[in-house]
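What follows is a set of notes on a single structure, which appears directly below.
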4 protein chains.
Amino acid sequence: MAETGHFATLWKNLAEKFKLEVDFLAGDWRRGAQPAEIEAHLLADRERRIKAVMVVHNETSTGVTSRIHEVRKAVDRAKHPALLLVDTISSLGSIEYEHDGWGVDVTVSCSQKGLMLPPGAWGVDVTVSCSQKGLMLPPGLGFNAVSEKALLAAKANQTSRSYWDWHEIIQQNKSGSWPYTPATNLLYGLKEAIKMLMEEGLDNVFARHLKLAAATRAAVRAWNLEILCQDPKEHSPILTAVVMPTGHDADHFRDVALKNYDMSLGAGLSKVKGKVFRIGHLGHFNELMLMGTLSGVEMALDVAKVPHKAGGVLAAMEVLKGKDVVPVSTHRVV
Amino acid sequence: MAETGHFATLWKNLAEKFKLEVDFLAGDWRRGAQPAEIEAHLLADRERRIKAVMVVHNETSTGVTSRIHEVRKAVDRAKHPALLLVDTISSLGSIEYEHDGWGVDVTVSCSQKGLMLPPGAWGVDVTVSCSQKGLMLPPGLGFNAVSEKALLAAKANQTSRSYWDWHEIIQQNKSGSWPYTPATNLLYGLKEAIKMLMEEGLDNVFARHLKLAAATRAAVRAWNLEILCQDPKEHSPILTAVVMPTGHDADHFRDVALKNYDMSLGAGLSKVKGKVFRIGHLGHFNELMLMGTLSGVEMALDVAKVPHKAGGVLAAMEVLKGKDVVPVSTHRVV
Amino acid sequence: MAETGHFATLWKNLAEKFKLEVDFLAGDWRRGAQPAEIEAHLLADRERRIKAVMVVHNETSTGVTSRIHEVRKAVDRAKHPALLLVDTISSLGSIEYEHDGWGVDVTVSCSQKGLMLPPGAWGVDVTVSCSQKGLMLPPGLGFNAVSEKALLAAKANQTSRSYWDWHEIIQQNKSGSWPYTPATNLLYGLKEAIKMLMEEGLDNVFARHLKLAAATRAAVRAWNLEILCQDPKEHSPILTAVVMPTGHDADHFRDVALKNYDMSLGAGLSKVKGKVFRIGHLGHFNELMLMGTLSGVEMALDVAKVPHKAGGVLAAMEVLKGKDVVPVSTHRVV
Amino acid sequence: MAETGHFATLWKNLAEKFKLEVDFLAGDWRRGAQPAEIEAHLLADRERRIKAVMVVHNETSTGVTSRIHEVRKAVDRAKHPALLLVDTISSLGSIEYEHDGWGVDVTVSCSQKGLMLPPGAWGVDVTVSCSQKGLMLPPGLGFNAVSEKALLAAKANQTSRSYWDWHEIIQQNKSGSWPYTPATNLLYGLKEAIKMLMEEGLDNVFARHLKLAAATRAAVRAWNLEILCQDPKEHSPILTAVVMPTGHDADHFRDVALKNYDMSLGAGLSKVKGKVFRIGHLGHFNELMLMGTLSGVEMALDVAKVPHKAGGVLAAMEVLKGKDVVPVSTHRVV
């Protein structure tokens, strides 16, 4: 499991609560999962003690997007039978992702990371996602995509579980039912949200997020501030974490923005608390909403007397004026 | 644990999935938990192997309401340290109930029974409830009331759990927060629902349900049909299950009601599938909605050629005409 | 103009405010417009002073539906050039009606009768309707159907008008626009309401209203109360006005129904104030809603000590049990 | 009546439809009503043929706000008995205005200007307003404030009217009723909108609009474009009309903005069609929504190749950074 940030750490904690031994590949919260490092660990695992490789696709706490496709290739090169589990909680519907095409075993996407990964899940391949981000709904729904290989592992798993057991859900889904009363209202909303995404076209949705992210980074650079994510191939299309200059508290700055411009910026979490703030640009979001957001940041930087250069807003407009910004290639697997 | 019906059985199954040994006091699905029987079992338990007494307050599958207050007295008489766990999923906000006043340890009330009773909970005292019944909301919220004794037991519990762990929730609640993203929209709805209940007055809400239930039973008796619940002290104020005459399928009858009058009656579940149908009368519901419902049942009985006497609707009106129906005393603890 | 009830009288008053001379054919509020009487008046009008025959299709104050199709035939037989103006405010979308097929010149249907019939309209043929009845929307929209003959008359009309002038509206409608800011939200609702009506099928919608009306009348007769409408060919499919026994005040009875069963019955208006109450059965309304309504009336009659026989509810159920009630023929022009 | 723009002209047309003789004081659509000019006309009117002075408070077609308070003083200085009628359709709830305090006879505020000024109103003093602008509601409500003097004039008025007659409305309002079925849903919305305005505080609401307007004008000047309104004392707090450079079509520019940034700018109407575009900044609107809007304009100017200087967005931010922008004094009567 790769320590990409706060949410990867929470996932690790969850695993440890279930007494699983986690090989947590240390990270500085500024880079994504490193395929080469994962490959090396798998190659070293002669006894096949590693049951799963677990990666957060888009680390919401840092604005770093891991290259799942390359992680998959690393696992394949190592010829290791570990399952590949991916958390797509903040990326589903906003960042290009393929459960089957990329060979993921389990994709988890839900309101809260832990929701879909109970004891019984640790031996499997899963993708998880959620309703309140890229799918533009109120919180309350979670999504799992599960490979055949992952299902077999879950069946073999002897630990106790009830609510989190896929098999009963899959069984009842066959007749259009669910083991418990589901959040029916959100299912109606989901139908409409998917319709909206299809009308825009998923490729256009992904390209829109890439463009908004590029404009945001242009603004941050023009302000002469530092982007938390260090590898250009890993910039998140859906949020950008910005490092505060030394001696300035990010939470004080966030407070100034809220009080002066009624805008709530994301806080730095845990290790980066007070050190970064986060600009979200995902879901039902467009160019002018972003410009309002970036104007608010630029004015708040001034009001809060945070050292910076003016012109971030202008730099962002330069990016948004172009009709055909080429998307950063790493998020578009060719 | 008392076998009061389908939902008690599901609760037992859930416990067994966690490898707990359940002493399931057999029932015929027509009566509530028997305080004397519980007392006898506790008295016989010299080794104190019983950790909890678990009862479903209102068994939604049968229309039987167990007398929690008397169960509590039985536990007290036996001087047994077992926790008292109560499922109030369908009763919260519709039937008189007191977590503290009646000495319950854990009250569970949620969208789906299992939701709030994970492994770690088995050693504790809990009340559970839900949002989509008496609280008149869409499904998606669950409620737990937990005694100090139950919290201590949960703390001592060594089994693995994460999402279901109360302690992290209680910790974060202190600052108005929650470990995960909660279903915020439903919290706004809950605020309004509670306001509505307070405006009507809880005593009036409970009395309204008792009156509607009495009218429903009057109709069933006038049709010369049998009520599933056999003990008058245990009739549910929120739903009434009706036994079909031999040779007639309840699900066929329900289908006739749906097709002819656009009314969906509750199905018999599991052991009573096809043998009973259920008339719900809870939540945001009043006299004339009930009369529409009972008229639909009476007409559908006729259309489906189910042997019955006419006049159920008239009998119900006789009850509803009275301004001051005395509520059945068992649900009003004096 | 036929005095069919309160709304016909308001329409007459409106005309008189604009100094028009109205030949108001007196009525007892228990019958619809009389085709033979209209024919006689037109035949007597040698000087062609009569410019329009005006009839309220469904008189909401009395529960009497005039036979527009026969009125048209009467005008034709008289070979009189008068325009035929019809108010379909409460009938549009609930009672069979054809603007073109029946040879109506102007159909007016709106939130309030006067809305669409300003000075300039008196010389024309119009159908008017509204949004908050058969179309199941909040109040705020009005509808006009206008024949070529009516448009020519309006053009020739020399009186002053602005807001009520059709020509500017028609002109702007050609490009999908409107002279003023329209109630756009209601237009979205209208789109959905029409979709619902089409899904059910207009014939089914009309038949549903006829059946509900027949059941209501069966109840009234069983109570041994009198229906205000005297001609069986003119019973309204969408509401039924009931005459109170002498010595009993309809408004006191309505108050009893409201306080005891939270049901608001329609008041008697003007000439029949205190003498009748009205039961509405239109729009988004079905069998069981009606049974709730009729049960409320029957119980309130008892509580208010109004002399009546029991059994209205049973009589209504007899009607609703039948699958294929033959609609009263007068509202279905063959 | 002062020709301040398109909506004043429509009001004049409406009056002429009712065969009223209008003394239309010509304007160039770049200035408000001129108090001195009005005073001169009234002084010259020895025969007291002038019955009313009519002014549009905020001319939505030009972004010019007339100084009603000074118009009132001009009428007083002339000692002329004419009523003062004011259209506050786009200003109510957004721009400081006092019906009683400023001595206005009739204030009209509604969805569409003509709605509240029918024939009978011409002899009176009225303020009119509407629901879909400063009151943040869907269209469908109109508001009239009427002085005693205006009511007397209306009573004396002999022309025909029905729907537009105030007296019946006032009569029925006394018992909380209305002559017709009102748009009840909007009344619930109105209650909430007024609550929102009161929570913010009307003074803060007015100051917010003044600040947003000042920022918008700073942007327009930085772009080196011309503001349509020529008198700084008359700049509208709620919208700004911008003159396109010669040889460039405003509607083509608006189309570019719509297609590229999904933003619909206001069109130039009638005399200024194609020559101006309008930026609205009223109602439920704040600083960052404005910055999104201005960024969209600046980018679209570039995409559409309209000659301009960059930097409008920066200039607007300079204004919005200041905490205490002094409101332009003319809209704050001291």
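In the structure tokens, the first chain shown is A, the next is B, and so on; residue numbers restart at 1 for each chain, and ligands run from 1 in the order shown.
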
Could you give me, as a PyMOL selection string, the residues within 10 Å of range 1-12 of chain C, counting only C-alpha atoms and dropping anything in the same chain fewer than 6 positions from it? chain C and resi 20-35+37-38+52-66+85+87+112-114+117+268-272

Please list as a PyMOL selection string every residue within 9 Å of Leu265 in chain C, counting only C-alpha atoms and excluding residues in the same chain fewer than 4 positions away. chain C and resi 254-255+257-258+277-280+297

Between CA of Val243 in chain C and CA of Met317 in chain C, what distance in Å does the model show, to one decimal? 21.8 Å

DSSP strand (DSSP E or B) residues within range 62-225 of chain D, as number ranges by chain: D: 64-65, 83-87, 106-109, 126-130, 142-146

Identify all residues of range 20-257 of chain A in helix (DSSP H, G or I) (DSSP on the backbone) and supply them as a PyMOL selection string. chain A and resi 35-44+68-77+113-116+119-121+148-156+166-173+184-200+202-222+232-234+250-257

Set the cut-off to 8 Å and count only C-alpha atoms: what are the residues of chain D that reach chain C? Output as an mmCIF file with C-alpha atoms, in the first residue's frame.
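iface.cif written:
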```cif
data_model
loop_
_atom_site.group_PDB
_atom_site.id
_atom_site.type_symbol
_atom_site.label_atom_id
_atom_site.label_comp_id
_atom_site.auth_asym_id
_atom_site.auth_seq_id
_atom_site.Cartn_x
_atom_site.Cartn_y
_atom_site.Cartn_z
ATOM 1 C CA LEU D 14 -49.088 51.070 -23.113
ATOM 2 C CA LYS D 17 -52.997 52.107 -26.290
ATOM 3 C CA PHE D 18 -55.419 53.477 -23.704
ATOM 4 C CA LYS D 19 -55.621 56.692 -25.728
ATOM 5 C CA SER D 111 -43.123 40.806 -13.607
ATOM 6 C CA GLN D 112 -44.020 42.939 -16.501
ATOM 7 C CA GLY D 114 -47.761 46.946 -17.877
ATOM 8 C CA LEU D 115 -49.219 44.483 -15.434
ATOM 9 C CA PRO D 138 -39.448 32.850 -10.195
ATOM 10 C CA PRO D 139 -41.525 35.309 -12.234
ATOM 11 C CA GLY D 140 -45.221 35.523 -11.377
ATOM 12 C CA SER D 160 -63.517 50.508 -17.618
ATOM 13 C CA ARG D 161 -61.389 47.971 -15.838
ATOM 14 C CA SER D 162 -61.818 44.749 -13.949
ATOM 15 C CA TYR D 163 -58.746 42.647 -13.242
ATOM 16 C CA TYR D 180 -58.757 35.457 -7.846
ATOM 17 C CA THR D 181 -56.687 32.364 -7.058
ATOM 18 C CA PRO D 182 -53.249 33.864 -6.346
ATOM 19 C CA ALA D 183 -49.893 32.244 -7.148
ATOM 20 C CA THR D 184 -49.741 30.704 -3.687
ATOM 21 C CA ASN D 185 -46.460 28.876 -4.183
#
```

Find the distance between CA of Phe206 in chain C and CA of Ser94 in chain C and write it in Å to one decimal. 5.5 Å

Asp249 in chain D proximity check over D:Met289, D:Val108, D:Cys229, D:Ala304, using only C-alpha atoms: winner is D:Ala304

Name all residues at most 8 Å from Trp223 in chain C (count only C-alpha atoms; drop same-chain ones fewer than 5 positions away) and give them as an MDAnalysis selection string. chainID C and resid 308:312

Write to file, as a PDB file, in the first residue's frame, the residues of the selection just made, with C-alpha atoms.
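Output below, filename out.pdb:
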```
ATOM      1  CA  HIS C 308     -78.531  11.124   6.874  1.00  0.00           C
ATOM      2  CA  LYS C 309     -78.439   7.401   6.298  1.00  0.00           C
ATOM      3  CA  ALA C 310     -75.207   5.481   6.724  1.00  0.00           C
ATOM      4  CA  GLY C 311     -73.822   3.522   3.794  1.00  0.00           C
ATOM      5  CA  GLY C 312     -72.607   6.145   1.350  1.00  0.00           C
TER       6      GLY C 312
END
```

Residues at most 9 Å from Glu148 in chain D, counting only C-alpha atoms, excluding those fewer than 3 positions away in the same chain, as a ChimeraX atom specification? /D:105,125,151-153

Computed gap from CA of Ala82 in chain A to CA of Asn173 in chain A is 27.7 Å

List as a ChimeraX atom specification the protein and nucleic acid residues near Glu39 in chain C, meaning an atom at most 8 Å away when only C-alpha atoms are counted, but skip any in the same chain fewer than 6 places from it. /C:74-75,77-78

Using only C-alpha atoms, which protein or nucleic acid residues come within 8 Å of range 207-215 of chain B? Drop anything in the same chain fewer than 4 positions from it, and give the result as a ChimeraX atom specification. /B:94-95,203,219,236-240,281-282,286-287,290,315-320,325,327-328
